[in-house]
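Enquirer: Let me give you the structure first, and then I'll get to my questions.
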Amino acid sequence: GAHIPYFAVHDLSNARDFYGRLLGCPEGRSDEHWVDFDLYGHQIVAHLARRDECAGVAGASPDATRNHVDGDHVPVPHFGLILGWEEWHDLAERLRAAGVAFEIEPHIRFRGQPGEQATMFFRDPSGNALEFKAFQDEAQIFAK
């Protein structure tokens with residue numbers, strides 16, 4: 001089967017609020033050290049870790065952990081999903097309404113080019129970078 005993304009969080013109740021309430025991910029199995037979430041049909045696992053083991057406090061300079069893509073400074077590492085066009089816009093509005101601070105504001109990248117996409121980056125409460133994308137034409141997902 002596919003590899004299940006797992007990631008470090010320093011507070012499981014914050015993770016439950018962020019992934020469960022804000023992102024709308026149903027919760028699966030859990031114990032005192034981890035929680036499974038259903039992220040749009042994909043299983044992800046938040047593992048409890050010390051704050052200094054979490055992504056957002058790695059101590060690297062911000063630019064050392066970024067790539068430049070179409071004028072954006074993309075956080076590395078990150079994970080996320082491709083959503084449907086309407087789903088993506090609904091999520092962007094929900095995040096804005098909740099006051100989430102975006103690393104990269106929701107916008108259209110590669111406009112009018114192969115691979116044109118809607119994209120946004122933001123971080124969870126433990127500093128994990130998340131990217132959500134959408135394509136007007138899903139045949140363009142792997143376009144070069």
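For the structure tokens, the naming scheme is as follows: chains receive sequential letters (A, B, ...) according to their order of presentation, residues are indexed from 1 within each chain, and ligands are indexed from 1 in presentation order.
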List the neighbours of Val9 of chain A out to 6 Å using only C-alpha atoms; skip same-chain residues closer than 4 positions along the sequence, and give me the result as a list in words.

Expert: His47, Leu48, Ala49 and Ser126 of chain A

Enquirer: Please provide the set of residues having any atom within 6 Å of Arg51 of chain A, restricted to only C-alpha atoms, with same-chain residues fewer than 2 positions apart removed, written as a ChimeraX atom specification.

Expert: /A:10,53-54

Enquirer: Smallest atom-to-atom distance to Tyr40 of chain A: which of A:Tyr6, A:Phe110, A:Phe102, A:Trp88, using only C-alpha atoms?

Expert: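 Of A:Tyr6, A:Phe110, A:Phe102, A:Trp88, the one nearest Tyr40 of chain A is A:Trp88, counting only C-alpha atoms.
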
Enquirer: Quick one: pull the distance between atom CA of Phe135 of chain A and atom CA of Gly28 of chain A, Å, one decimal.

Expert: 28.6 Å

Enquirer: So that I can see what lies close to Thr119 of chain A, please list as a PyMOL selection string the residues with an atom at most 10 Å from it, counting only C-alpha atoms and leaving out residues fewer than 3 positions away in the same chain.

Expert: chain A and resi 82-83+88-89+92+104-109+116+131-135

Enquirer: So that I can check the secondary structure, give me every residue of chain A assigned strand (DSSP E or B) by backbone DSSP, as a ChimeraX atom specification.

Expert: /A:6-9,27-30,34-39,42-48,66-69,72-75,79-83,102-109,117-123,129-134

Enquirer: With a distance cut-off of 12 Å and only C-alpha atoms, select the neighbouring residues of Arg94 of chain A, excluding the residue or stretch itself and same-chain residues fewer than 3 positions from it, and output the selection as a list in words.

Expert: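 Those residues are Phe18, Arg21, Leu22, Leu23, Gly24, Glu87, Trp88, His89, Asp90, Leu91, Ala97, Ala98, Gly99, Val100 and Pro106 of chain A.
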